[in-house]
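Visitor: input-v5.cif is reproduced below (mmCIF, C-alpha atoms and all ligand atoms).
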```cif
data_entry
#
loop_
_atom_site.label_atom_id
_atom_site.label_comp_id
_atom_site.auth_asym_id
_atom_site.auth_seq_id
_atom_site.Cartn_x
_atom_site.Cartn_y
_atom_site.Cartn_z
CA MET Y 71 -75.88 22.86 -30.13
CA LYS Y 72 -74.86 20.76 -33.11
CA ILE Y 73 -71.38 20.93 -34.63
CA TYR Y 74 -70.35 18.93 -37.68
CA LEU Y 75 -66.83 17.51 -37.68
CA ALA Y 76 -65.02 18.17 -40.95
CA THR Y 77 -63.02 14.93 -40.86
CA ARG Y 78 -63.56 11.30 -41.82
CA ASN Y 79 -60.93 10.04 -39.38
CA ALA Y 80 -62.85 7.84 -36.90
CA HIS Y 81 -60.07 8.09 -34.28
CA LYS Y 82 -60.23 11.91 -34.30
CA ILE Y 83 -64.03 11.89 -34.09
CA ALA Y 84 -63.91 9.57 -31.07
CA GLU Y 85 -61.20 11.63 -29.33
CA ILE Y 86 -62.98 14.96 -29.85
CA THR Y 87 -66.42 13.63 -28.97
CA ALA Y 88 -65.18 12.06 -25.73
CA ALA Y 89 -63.49 15.26 -24.58
CA LEU Y 90 -66.26 17.73 -25.23
CA PRO Y 91 -69.11 18.95 -23.01
CA ASP Y 92 -72.34 16.94 -23.22
CA GLN Y 93 -74.27 20.01 -24.30
CA VAL Y 94 -72.45 19.98 -27.64
CA GLN Y 95 -73.63 17.34 -30.06
CA PHE Y 96 -71.02 16.30 -32.59
CA LEU Y 97 -72.14 15.01 -35.94
CA SER Y 98 -70.20 13.63 -38.86
CA LEU Y 99 -70.11 14.76 -42.47
CA ASP Y 100 -72.31 11.78 -43.33
CA ASP Y 101 -75.06 13.34 -41.18
CA ILE Y 102 -75.21 16.49 -43.37
CA PRO Y 103 -74.98 14.47 -45.72
CA CYS Y 104 -71.70 15.45 -47.41
CA THR Y 105 -69.57 13.03 -49.39
CA ASP Y 106 -67.31 15.68 -50.95
CA GLU Y 107 -63.53 15.45 -50.77
CA LEU Y 108 -62.55 18.39 -48.53
CA PRO Y 109 -59.98 20.79 -50.05
CA GLU Y 110 -56.54 20.77 -48.38
CA THR Y 111 -54.31 22.93 -50.56
CA GLY Y 112 -53.19 25.55 -48.00
CA ASP Y 113 -49.49 26.40 -47.53
CA THR Y 114 -49.67 26.35 -43.75
CA ILE Y 115 -51.37 24.28 -41.07
CA PRO Y 116 -53.77 27.12 -40.04
CA ALA Y 117 -54.64 27.75 -43.72
CA ASN Y 118 -55.36 24.08 -44.37
CA SER Y 119 -57.46 23.81 -41.22
CA LEU Y 120 -59.47 26.92 -42.19
CA GLN Y 121 -59.94 25.71 -45.75
CA LYS Y 122 -61.70 22.51 -44.64
CA ALA Y 123 -64.11 24.22 -42.22
CA GLN Y 124 -64.76 27.10 -44.62
CA TYR Y 125 -65.70 24.62 -47.34
CA ILE Y 126 -68.37 23.08 -45.09
CA TRP Y 127 -69.71 26.46 -44.01
CA ASP Y 128 -69.78 27.86 -47.55
CA ASN Y 129 -71.55 24.83 -49.01
CA TYR Y 130 -73.82 23.68 -46.18
CA ARG Y 131 -74.11 26.64 -43.75
CA VAL Y 132 -73.79 24.47 -40.63
CA ALA Y 133 -71.57 24.97 -37.55
CA CYS Y 134 -68.42 22.94 -38.13
CA LEU Y 135 -65.03 22.03 -36.73
CA SER Y 136 -61.92 20.97 -38.62
CA ASP Y 137 -58.36 20.26 -37.60
CA ASP Y 138 -54.99 20.02 -39.24
CA SER Y 139 -51.69 18.94 -37.72
CA GLY Y 140 -48.09 18.46 -38.69
CA LEU Y 141 -44.45 18.52 -37.70
CA GLU Y 142 -42.38 21.69 -38.29
CA ILE Y 143 -38.60 21.18 -38.25
CA GLU Y 144 -36.47 24.29 -37.78
CA ALA Y 145 -33.52 23.12 -39.91
CA LEU Y 146 -35.91 22.35 -42.79
CA GLY Y 147 -37.57 25.78 -42.75
CA GLY Y 148 -40.75 24.41 -41.17
CA LYS Y 149 -41.04 21.30 -43.34
CA PRO Y 150 -42.66 18.80 -43.52
CA GLY Y 151 -45.47 21.07 -42.15
CA VAL Y 152 -48.66 20.74 -44.21
CA HIS Y 153 -46.97 17.93 -46.15
CA SER Y 154 -46.36 15.80 -43.04
CA ALA Y 155 -48.81 13.03 -44.00
CA HIS Y 156 -47.14 12.15 -47.28
CA TYR Y 157 -43.80 13.93 -47.21
CA ALA Y 158 -41.92 11.13 -48.98
CA GLY Y 159 -44.65 10.81 -51.58
CA THR Y 160 -46.72 8.18 -49.77
CA ARG Y 161 -48.49 7.89 -46.40
CA ASP Y 162 -45.76 5.48 -45.23
CA PHE Y 163 -44.61 6.62 -41.75
CA ASP Y 164 -41.18 4.94 -42.03
CA LYS Y 165 -40.44 6.51 -45.40
CA ASN Y 166 -41.54 9.94 -44.15
CA MET Y 167 -39.28 9.67 -41.09
CA ALA Y 168 -36.37 8.47 -43.22
CA ALA Y 169 -36.85 11.45 -45.56
CA VAL Y 170 -36.70 14.09 -42.82
CA LEU Y 171 -33.79 12.38 -41.04
CA GLN Y 172 -31.81 12.36 -44.23
CA GLU Y 173 -32.60 16.02 -45.04
CA ILE Y 174 -31.55 17.56 -41.71
CA PRO Y 175 -27.96 18.74 -42.36
CA GLU Y 176 -25.26 17.39 -40.04
CA GLY Y 177 -24.65 19.74 -37.13
CA ALA Y 178 -27.88 21.70 -37.78
CA SER Y 179 -30.48 22.46 -35.12
CA ARG Y 180 -32.77 19.50 -34.44
CA ARG Y 181 -35.50 21.66 -32.87
CA ALA Y 182 -39.04 20.95 -34.01
CA ILE Y 183 -42.64 21.48 -33.02
CA PHE Y 184 -45.77 19.48 -33.53
CA LYS Y 185 -48.67 21.81 -34.26
CA THR Y 186 -52.45 21.37 -34.39
CA VAL Y 187 -54.86 24.07 -35.46
CA MET Y 188 -58.58 23.52 -34.93
CA THR Y 189 -61.00 25.78 -36.77
CA LEU Y 190 -64.53 26.29 -35.51
CA ILE Y 191 -67.05 28.17 -37.63
CA ILE Y 192 -70.27 29.16 -35.92
CA ALA Y 193 -72.75 31.48 -37.65
CA GLY Y 194 -70.06 32.29 -40.20
CA GLU Y 195 -67.58 33.44 -37.56
CA VAL Y 196 -64.16 31.79 -37.61
CA HIS Y 197 -62.38 30.82 -34.37
CA GLN Y 198 -58.98 29.07 -34.44
CA PHE Y 199 -57.30 27.21 -31.58
CA GLU Y 200 -53.61 26.29 -31.80
CA GLY Y 201 -51.76 23.70 -29.75
CA THR Y 202 -48.02 23.08 -29.99
CA VAL Y 203 -45.42 20.90 -28.32
CA ALA Y 204 -41.71 21.60 -28.78
CA GLY Y 205 -38.88 19.07 -28.83
CA GLU Y 206 -35.93 17.55 -30.65
CA ILE Y 207 -35.70 15.24 -33.65
CA LEU Y 208 -33.62 12.21 -32.66
CA PRO Y 209 -31.15 10.71 -35.19
CA ALA Y 210 -32.89 7.30 -34.98
CA LYS Y 211 -36.32 5.91 -34.13
CA ARG Y 212 -37.22 4.92 -30.55
CA GLY Y 213 -40.47 3.22 -29.52
CA THR Y 214 -43.38 1.54 -31.26
CA GLN Y 215 -46.51 3.32 -29.96
CA GLY Y 216 -48.44 6.08 -31.68
CA PHE Y 217 -48.16 6.99 -35.34
CA GLY Y 218 -46.50 9.33 -37.81
CA TYR Y 219 -43.27 10.91 -36.59
CA ASP Y 220 -43.73 9.81 -32.95
CA PRO Y 221 -40.61 7.54 -32.86
CA ILE Y 222 -38.20 10.38 -33.70
CA PHE Y 223 -39.79 13.15 -31.59
CA LEU Y 224 -38.46 13.72 -28.06
CA PRO Y 225 -40.64 16.34 -26.34
CA ASP Y 226 -38.81 18.91 -24.18
CA GLY Y 227 -38.52 17.92 -20.52
CA HIS Y 228 -39.13 14.21 -21.18
CA GLU Y 229 -36.90 11.18 -21.61
CA LYS Y 230 -39.33 9.16 -23.71
CA THR Y 231 -40.17 9.80 -27.36
CA PHE Y 232 -43.87 10.11 -28.21
CA ALA Y 233 -43.65 6.49 -29.45
CA GLU Y 234 -42.32 5.30 -26.07
CA MET Y 235 -45.18 6.95 -24.18
CA THR Y 236 -48.58 5.46 -23.43
CA THR Y 237 -51.54 7.19 -25.07
CA THR Y 238 -52.35 8.82 -21.73
CA GLU Y 239 -48.79 10.15 -21.31
CA LYS Y 240 -48.75 11.52 -24.86
CA ASN Y 241 -52.22 13.06 -24.59
CA ALA Y 242 -51.21 14.93 -21.42
CA ILE Y 243 -48.75 17.05 -23.43
CA SER Y 244 -49.75 16.64 -27.07
CA HIS Y 245 -50.31 19.46 -29.54
CA ARG Y 246 -53.71 17.98 -30.42
CA ASN Y 247 -54.87 17.89 -26.82
CA ARG Y 248 -53.62 21.43 -26.17
CA ALA Y 249 -55.67 22.75 -29.09
CA LEU Y 250 -58.65 20.68 -27.94
CA GLN Y 251 -58.48 22.11 -24.40
CA LYS Y 252 -58.60 25.66 -25.83
CA LEU Y 253 -61.61 24.69 -27.95
CA ILE Y 254 -63.39 23.19 -24.93
CA ALA Y 255 -62.77 26.34 -22.86
CA PHE Y 256 -64.22 28.43 -25.69
CA LEU Y 257 -67.31 26.24 -26.08
CA ARG Y 258 -67.97 26.24 -22.34
CA THR Y 259 -67.96 30.02 -22.12
CA ASN Y 260 -69.46 30.92 -25.48
CA THR Y 261 -72.06 28.45 -26.62
CA ILE Y 262 -73.51 26.67 -23.60
P1 LIG W 1 -53.46 15.33 -39.41
O1 LIG W 1 -53.69 16.69 -39.99
O2 LIG W 1 -53.87 15.23 -37.98
O3 LIG W 1 -54.07 14.25 -40.28
O4 LIG W 1 -51.88 15.06 -39.41
C1 LIG W 1 -51.12 15.11 -40.60
C2 LIG W 1 -49.84 14.31 -40.43
O5 LIG W 1 -49.00 14.95 -39.46
C3 LIG W 1 -50.01 12.88 -39.93
O6 LIG W 1 -50.27 11.99 -40.98
C4 LIG W 1 -48.64 12.62 -39.30
O7 LIG W 1 -47.68 12.29 -40.29
C5 LIG W 1 -48.28 13.99 -38.72
N1 LIG W 1 -48.74 14.07 -37.31
C6 LIG W 1 -49.75 14.81 -36.82
N2 LIG W 1 -49.91 14.62 -35.51
C7 LIG W 1 -48.97 13.71 -35.16
C8 LIG W 1 -48.64 13.08 -33.91
O8 LIG W 1 -49.26 13.28 -32.85
N3 LIG W 1 -47.61 12.22 -33.95
C9 LIG W 1 -46.91 11.94 -35.07
N4 LIG W 1 -47.18 12.46 -36.26
C10 LIG W 1 -48.21 13.36 -36.30
#
```
Translate this file's structure into structure tokens.
Ligand code: IMP
Guide:
Amino acid sequence: MKIYLATRNAHKIAEITAALPDQVQFLSLDDIPCTDELPETGDTIPANSLQKAQYIWDNYRVACLSDDSGLEIEALGGKPGVHSAHYAGTRDFDKNMAAVLQEIPEGASRRAIFKTVMTLIIAGEVHQFEGTVAGEILPAKRGTQGFGYDPIFLPDGHEKTFAEMTTTEKNAISHRNRALQKLIAFLRTNTI
């Protein structure tokens, strides 16, 4: 079957395509063709994820998959959440990390989770798959790998931050991969 990926991020397309069963053919928005800017105005990660896939279904009536991710920090009431990508007003990773580090009150909990929600719409039916990884926000950056908030996130049960891990080490426990594994299990049993 054919599923259109509701993202223009080449890295995500490659990661999802590589992980999925051969029987599923993944196509890009350009294949529809769709050049629209996808709406992302939801208040939560699941809402944002749904909004993108729903837009494709409503306008093009094709099976589609979207994803949305972010960091939820307990002491900040779940922020930066849906605003993770440009929390400090720009897409600058260092500025975003500096903003959250400065906002966490001294002595407050440093618990946080990374969350990914993938939304699959097939024949108008919505299926969501959530992956999370819990950990602590460190007071200072450690490591240079990865992207986003990786240098300040220490996953539970590990001594390396996400930015000190190799891609393989991070993928073994990442929120994105956990959501992806749930999606794969669903596709194997439901569409093939
Ligand atoms: P997206 O929805 O996957 O584009 O993620 C939105 C934002 O959340 C990114 O721009 C990052 O700031 C943050 N984020 C999501 N996943 C990760 C991750 O694995 N590591 C670090 N930051 C992440």
Visitor: Kindly give the distance, in Å, that separates atom CA of Glu110 of chain Y and atom CA of Leu97 of chain Y, rounded to a single decimal.
Guide: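 Computing it gives 20.8 Å between the two atoms.
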Visitor: Check the smallest atom-to-atom distance from each of Y:His197, Y:Lys72, Y:His228, Y:Arg258 to Leu120 of chain Y using only C-alpha atoms, then report the winner.
Guide: Y:His197
Visitor: Considering all atoms listed in the file, state which residue in the set Y:Ile126, Y:Ile183, Y:Ala133, Y:Leu190 is at the smallest distance from Phe256 of chain Y.
Guide: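 For Phe256 of chain Y, the nearest of the candidates is Y:Leu190.
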Visitor: Rounded to one decimal in Å, what is the spacing between atom C9 of ligand LIG 1 (chain W) and atom CA of Leu253 of chain Y?
Guide: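 Interatomic distance, atom C9 of ligand LIG 1 (chain W) to atom CA of Leu253 of chain Y: 20.7 Å.
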Visitor: Of the candidates Y:Ser139, Y:Thr186, Y:Gln251, Y:Thr160, which one gets nearest to ligand LIG 1 (chain W) if we count only C-alpha atoms and all ligand atoms?
Guide: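 Using only C-alpha atoms and all ligand atoms, the shortest distance to ligand LIG 1 (chain W) belongs to Y:Ser139.
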Visitor: List the neighbours of Asp128 of chain Y out to 12 Å using all atoms listed in the file; skip same-chain residues closer than 4 positions along the sequence, and give me the result as a list in words.
Guide: Leu108, Leu120, Gln121, Lys122, Ala123, Gln124, Val132, Ala133, Cys134, Ile191, Ile192, Ala193, Gly194 and Glu195 of chain Y
Visitor: I'd like a table as JSON lines: residues in chain Y with an atom no more than 10 Å from ligand LIG 1 (chain W), each row giving the shortest atom pair and its distance in Å to one decimal, all atoms listed in the file counted, sorted by chain and rising residue number.
Guide:
```
{"residue": "Y:Thr77", "atom": "CA", "partner": "W:LIG1", "partner_atom": "O3", "distance": 9.0}
{"residue": "Y:Asn79", "atom": "CA", "partner": "W:LIG1", "partner_atom": "O3", "distance": 8.1}
{"residue": "Y:Lys82", "atom": "CA", "partner": "W:LIG1", "partner_atom": "O2", "distance": 8.1}
{"residue": "Y:Glu110", "atom": "CA", "partner": "W:LIG1", "partner_atom": "O1", "distance": 9.8}
{"residue": "Y:Ile115", "atom": "CA", "partner": "W:LIG1", "partner_atom": "O1", "distance": 8.0}
{"residue": "Y:Asn118", "atom": "CA", "partner": "W:LIG1", "partner_atom": "O1", "distance": 8.8}
{"residue": "Y:Ser119", "atom": "CA", "partner": "W:LIG1", "partner_atom": "O1", "distance": 8.1}
{"residue": "Y:Ser136", "atom": "CA", "partner": "W:LIG1", "partner_atom": "O1", "distance": 9.4}
{"residue": "Y:Asp137", "atom": "CA", "partner": "W:LIG1", "partner_atom": "O1", "distance": 6.3}
{"residue": "Y:Asp138", "atom": "CA", "partner": "W:LIG1", "partner_atom": "O1", "distance": 3.7}
{"residue": "Y:Ser139", "atom": "CA", "partner": "W:LIG1", "partner_atom": "O1", "distance": 3.8}
{"residue": "Y:Gly140", "atom": "CA", "partner": "W:LIG1", "partner_atom": "O5", "distance": 3.7}
{"residue": "Y:Leu141", "atom": "CA", "partner": "W:LIG1", "partner_atom": "C5", "distance": 6.0}
{"residue": "Y:Glu142", "atom": "CA", "partner": "W:LIG1", "partner_atom": "O5", "distance": 9.5}
{"residue": "Y:Pro150", "atom": "CA", "partner": "W:LIG1", "partner_atom": "O5", "distance": 8.5}
{"residue": "Y:Gly151", "atom": "CA", "partner": "W:LIG1", "partner_atom": "O5", "distance": 7.6}
{"residue": "Y:Val152", "atom": "CA", "partner": "W:LIG1", "partner_atom": "C1", "distance": 7.1}
{"residue": "Y:His153", "atom": "CA", "partner": "W:LIG1", "partner_atom": "C2", "distance": 7.4}
{"residue": "Y:Ser154", "atom": "CA", "partner": "W:LIG1", "partner_atom": "O5", "distance": 4.5}
{"residue": "Y:Ala155", "atom": "CA", "partner": "W:LIG1", "partner_atom": "O6", "distance": 3.5}
{"residue": "Y:His156", "atom": "CA", "partner": "W:LIG1", "partner_atom": "O7", "distance": 7.0}
{"residue": "Y:Tyr157", "atom": "CA", "partner": "W:LIG1", "partner_atom": "O7", "distance": 8.1}
{"residue": "Y:Arg161", "atom": "CA", "partner": "W:LIG1", "partner_atom": "O6", "distance": 7.0}
{"residue": "Y:Asp162", "atom": "CA", "partner": "W:LIG1", "partner_atom": "O7", "distance": 8.6}
{"residue": "Y:Phe163", "atom": "CA", "partner": "W:LIG1", "partner_atom": "O7", "distance": 6.6}
{"residue": "Y:Asp164", "atom": "CA", "partner": "W:LIG1", "partner_atom": "O7", "distance": 10.0}
{"residue": "Y:Asn166", "atom": "CA", "partner": "W:LIG1", "partner_atom": "O7", "distance": 7.6}
{"residue": "Y:Met167", "atom": "CA", "partner": "W:LIG1", "partner_atom": "O7", "distance": 8.8}
{"residue": "Y:Phe184", "atom": "CA", "partner": "W:LIG1", "partner_atom": "N2", "distance": 6.7}
{"residue": "Y:Lys185", "atom": "CA", "partner": "W:LIG1", "partner_atom": "N2", "distance": 7.4}
{"residue": "Y:Thr186", "atom": "CA", "partner": "W:LIG1", "partner_atom": "O2", "distance": 7.3}
{"residue": "Y:Val187", "atom": "CA", "partner": "W:LIG1", "partner_atom": "O1", "distance": 8.7}
{"residue": "Y:Met188", "atom": "CA", "partner": "W:LIG1", "partner_atom": "O1", "distance": 9.8}
{"residue": "Y:Val203", "atom": "CA", "partner": "W:LIG1", "partner_atom": "O8", "distance": 9.7}
{"residue": "Y:Gln215", "atom": "CA", "partner": "W:LIG1", "partner_atom": "N3", "distance": 9.8}
{"residue": "Y:Gly216", "atom": "CA", "partner": "W:LIG1", "partner_atom": "N3", "distance": 6.6}
{"residue": "Y:Phe217", "atom": "CA", "partner": "W:LIG1", "partner_atom": "C9", "distance": 5.1}
{"residue": "Y:Gly218", "atom": "CA", "partner": "W:LIG1", "partner_atom": "N4", "distance": 3.6}
{"residue": "Y:Tyr219", "atom": "CA", "partner": "W:LIG1", "partner_atom": "C9", "distance": 4.1}
{"residue": "Y:Asp220", "atom": "CA", "partner": "W:LIG1", "partner_atom": "C9", "distance": 4.4}
{"residue": "Y:Pro221", "atom": "CA", "partner": "W:LIG1", "partner_atom": "C9", "distance": 8.0}
{"residue": "Y:Ile222", "atom": "CA", "partner": "W:LIG1", "partner_atom": "C9", "distance": 9.0}
{"residue": "Y:Phe223", "atom": "CA", "partner": "W:LIG1", "partner_atom": "C9", "distance": 8.0}
{"residue": "Y:Phe232", "atom": "CA", "partner": "W:LIG1", "partner_atom": "N3", "distance": 7.2}
{"residue": "Y:Ala233", "atom": "CA", "partner": "W:LIG1", "partner_atom": "N3", "distance": 8.3}
{"residue": "Y:Lys240", "atom": "CA", "partner": "W:LIG1", "partner_atom": "O8", "distance": 8.2}
{"residue": "Y:Asn241", "atom": "CA", "partner": "W:LIG1", "partner_atom": "O8", "distance": 8.8}
{"residue": "Y:Ser244", "atom": "CA", "partner": "W:LIG1", "partner_atom": "O8", "distance": 6.7}
{"residue": "Y:His245", "atom": "CA", "partner": "W:LIG1", "partner_atom": "O8", "distance": 7.1}
{"residue": "Y:Arg246", "atom": "CA", "partner": "W:LIG1", "partner_atom": "O8", "distance": 6.9}
{"residue": "Y:Asn247", "atom": "CA", "partner": "W:LIG1", "partner_atom": "O8", "distance": 9.4}
```
Visitor: Between Y:Ala210, Y:Leu135, Y:Ile174, Y:Ile102, which one has atoms that come closest to Ile73 of chain Y, using all atoms listed in the file?
Guide: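 With all atoms listed in the file as the atom set, the closest residue is Y:Leu135.
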Visitor: With the input short on atoms, add all heavy atoms back to segment 171-182 of chain Y and write it as a PDB file, in the coordinates of the input.
Guide:
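Resulting contents of part-v3.pdb:
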```pdb
ATOM      1  N   LEU Y 171     -35.082  12.646 -41.696  1.00  0.00           N
ATOM      2  CA  LEU Y 171     -33.790  12.380 -41.040  1.00  0.00           C
ATOM      3  C   LEU Y 171     -32.639  12.598 -42.016  1.00  0.00           C
ATOM      4  O   LEU Y 171     -31.594  13.137 -41.655  1.00  0.00           O
ATOM      5  CB  LEU Y 171     -33.738  10.950 -40.480  1.00  0.00           C
ATOM      6  CG  LEU Y 171     -34.602  10.701 -39.250  1.00  0.00           C
ATOM      7  CD1 LEU Y 171     -34.501   9.251 -38.802  1.00  0.00           C
ATOM      8  CD2 LEU Y 171     -34.225  11.632 -38.099  1.00  0.00           C
ATOM      9  N   GLN Y 172     -32.865  12.225 -43.233  1.00  0.00           N
ATOM     10  CA  GLN Y 172     -31.810  12.360 -44.230  1.00  0.00           C
ATOM     11  C   GLN Y 172     -31.625  13.824 -44.656  1.00  0.00           C
ATOM     12  O   GLN Y 172     -30.522  14.247 -44.983  1.00  0.00           O
ATOM     13  CB  GLN Y 172     -32.220  11.499 -45.428  1.00  0.00           C
ATOM     14  CG  GLN Y 172     -31.192  11.341 -46.503  1.00  0.00           C
ATOM     15  CD  GLN Y 172     -31.753  11.801 -47.836  1.00  0.00           C
ATOM     16  OE1 GLN Y 172     -32.897  11.481 -48.182  1.00  0.00           O
ATOM     17  NE2 GLN Y 172     -30.985  12.577 -48.570  1.00  0.00           N
ATOM     18  N   GLU Y 173     -32.704  14.621 -44.582  1.00  0.00           N
ATOM     19  CA  GLU Y 173     -32.600  16.020 -45.040  1.00  0.00           C
ATOM     20  C   GLU Y 173     -32.017  16.974 -44.006  1.00  0.00           C
ATOM     21  O   GLU Y 173     -31.511  18.030 -44.369  1.00  0.00           O
ATOM     22  CB  GLU Y 173     -33.996  16.527 -45.437  1.00  0.00           C
ATOM     23  CG  GLU Y 173     -34.424  16.014 -46.796  1.00  0.00           C
ATOM     24  CD  GLU Y 173     -35.810  16.489 -47.168  1.00  0.00           C
ATOM     25  OE1 GLU Y 173     -36.244  17.566 -46.715  1.00  0.00           O
ATOM     26  OE2 GLU Y 173     -36.486  15.763 -47.909  1.00  0.00           O
ATOM     27  N   ILE Y 174     -32.090  16.629 -42.722  1.00  0.00           N
ATOM     28  CA  ILE Y 174     -31.550  17.560 -41.710  1.00  0.00           C
ATOM     29  C   ILE Y 174     -30.022  17.554 -41.854  1.00  0.00           C
ATOM     30  O   ILE Y 174     -29.391  16.509 -41.693  1.00  0.00           O
ATOM     31  CB  ILE Y 174     -31.959  17.157 -40.271  1.00  0.00           C
ATOM     32  CG1 ILE Y 174     -33.479  17.188 -40.116  1.00  0.00           C
ATOM     33  CG2 ILE Y 174     -31.303  18.090 -39.249  1.00  0.00           C
ATOM     34  CD1 ILE Y 174     -33.985  16.671 -38.765  1.00  0.00           C
ATOM     35  N   PRO Y 175     -29.413  18.708 -42.162  1.00  0.00           N
ATOM     36  CA  PRO Y 175     -27.960  18.740 -42.360  1.00  0.00           C
ATOM     37  C   PRO Y 175     -27.217  18.386 -41.069  1.00  0.00           C
ATOM     38  O   PRO Y 175     -27.695  18.672 -39.971  1.00  0.00           O
ATOM     39  CB  PRO Y 175     -27.680  20.189 -42.743  1.00  0.00           C
ATOM     40  CG  PRO Y 175     -28.989  20.766 -43.139  1.00  0.00           C
ATOM     41  CD  PRO Y 175     -30.027  20.019 -42.363  1.00  0.00           C
ATOM     42  N   GLU Y 176     -26.053  17.761 -41.215  1.00  0.00           N
ATOM     43  CA  GLU Y 176     -25.260  17.390 -40.040  1.00  0.00           C
ATOM     44  C   GLU Y 176     -24.878  18.647 -39.269  1.00  0.00           C
ATOM     45  O   GLU Y 176     -24.499  19.659 -39.869  1.00  0.00           O
ATOM     46  CB  GLU Y 176     -24.000  16.654 -40.507  1.00  0.00           C
ATOM     47  CG  GLU Y 176     -23.696  15.472 -39.611  1.00  0.00           C
ATOM     48  CD  GLU Y 176     -22.474  14.715 -40.098  1.00  0.00           C
ATOM     49  OE1 GLU Y 176     -22.558  14.183 -41.227  1.00  0.00           O
ATOM     50  OE2 GLU Y 176     -21.486  14.699 -39.354  1.00  0.00           O
ATOM     51  N   GLY Y 177     -25.024  18.597 -37.965  1.00  0.00           N
ATOM     52  CA  GLY Y 177     -24.650  19.740 -37.130  1.00  0.00           C
ATOM     53  C   GLY Y 177     -25.723  20.808 -37.032  1.00  0.00           C
ATOM     54  O   GLY Y 177     -25.593  21.757 -36.255  1.00  0.00           O
ATOM     55  N   ALA Y 178     -26.807  20.681 -37.818  1.00  0.00           N
ATOM     56  CA  ALA Y 178     -27.880  21.700 -37.780  1.00  0.00           C
ATOM     57  C   ALA Y 178     -28.739  21.494 -36.535  1.00  0.00           C
ATOM     58  O   ALA Y 178     -28.687  20.442 -35.892  1.00  0.00           O
ATOM     59  CB  ALA Y 178     -28.747  21.574 -39.025  1.00  0.00           C
ATOM     60  N   SER Y 179     -29.531  22.541 -36.227  1.00  0.00           N
ATOM     61  CA  SER Y 179     -30.480  22.460 -35.120  1.00  0.00           C
ATOM     62  C   SER Y 179     -31.429  21.285 -35.361  1.00  0.00           C
ATOM     63  O   SER Y 179     -31.819  21.018 -36.504  1.00  0.00           O
ATOM     64  CB  SER Y 179     -31.308  23.746 -35.065  1.00  0.00           C
ATOM     65  OG  SER Y 179     -32.547  23.516 -34.430  1.00  0.00           O
ATOM     66  N   ARG Y 180     -31.790  20.589 -34.304  1.00  0.00           N
ATOM     67  CA  ARG Y 180     -32.770  19.500 -34.440  1.00  0.00           C
ATOM     68  C   ARG Y 180     -34.091  19.878 -33.754  1.00  0.00           C
ATOM     69  O   ARG Y 180     -34.931  19.030 -33.489  1.00  0.00           O
ATOM     70  CB  ARG Y 180     -32.188  18.193 -33.868  1.00  0.00           C
ATOM     71  CG  ARG Y 180     -30.860  17.826 -34.531  1.00  0.00           C
ATOM     72  CD  ARG Y 180     -30.439  16.423 -34.214  1.00  0.00           C
ATOM     73  NE  ARG Y 180     -31.229  15.419 -34.903  1.00  0.00           N
ATOM     74  CZ  ARG Y 180     -30.951  14.900 -36.110  1.00  0.00           C
ATOM     75  NH1 ARG Y 180     -29.886  15.306 -36.769  1.00  0.00           N
ATOM     76  NH2 ARG Y 180     -31.721  13.973 -36.638  1.00  0.00           N
ATOM     77  N   ARG Y 181     -34.270  21.187 -33.516  1.00  0.00           N
ATOM     78  CA  ARG Y 181     -35.500  21.660 -32.870  1.00  0.00           C
ATOM     79  C   ARG Y 181     -36.697  21.488 -33.811  1.00  0.00           C
ATOM     80  O   ARG Y 181     -36.591  21.667 -35.038  1.00  0.00           O
ATOM     81  CB  ARG Y 181     -35.388  23.162 -32.505  1.00  0.00           C
ATOM     82  CG  ARG Y 181     -34.253  23.507 -31.594  1.00  0.00           C
ATOM     83  CD  ARG Y 181     -34.428  22.966 -30.201  1.00  0.00           C
ATOM     84  NE  ARG Y 181     -35.653  23.432 -29.557  1.00  0.00           N
ATOM     85  CZ  ARG Y 181     -36.273  22.762 -28.581  1.00  0.00           C
ATOM     86  NH1 ARG Y 181     -35.821  21.595 -28.157  1.00  0.00           N
ATOM     87  NH2 ARG Y 181     -37.356  23.263 -28.021  1.00  0.00           N
ATOM     88  N   ALA Y 182     -37.819  21.147 -33.211  1.00  0.00           N
ATOM     89  CA  ALA Y 182     -39.040  20.950 -34.010  1.00  0.00           C
ATOM     90  C   ALA Y 182     -40.256  21.166 -33.128  1.00  0.00           C
ATOM     91  O   ALA Y 182     -40.154  21.098 -31.895  1.00  0.00           O
ATOM     92  CB  ALA Y 182     -39.058  19.528 -34.558  1.00  0.00           C
TER      93      ALA Y 182
END
```
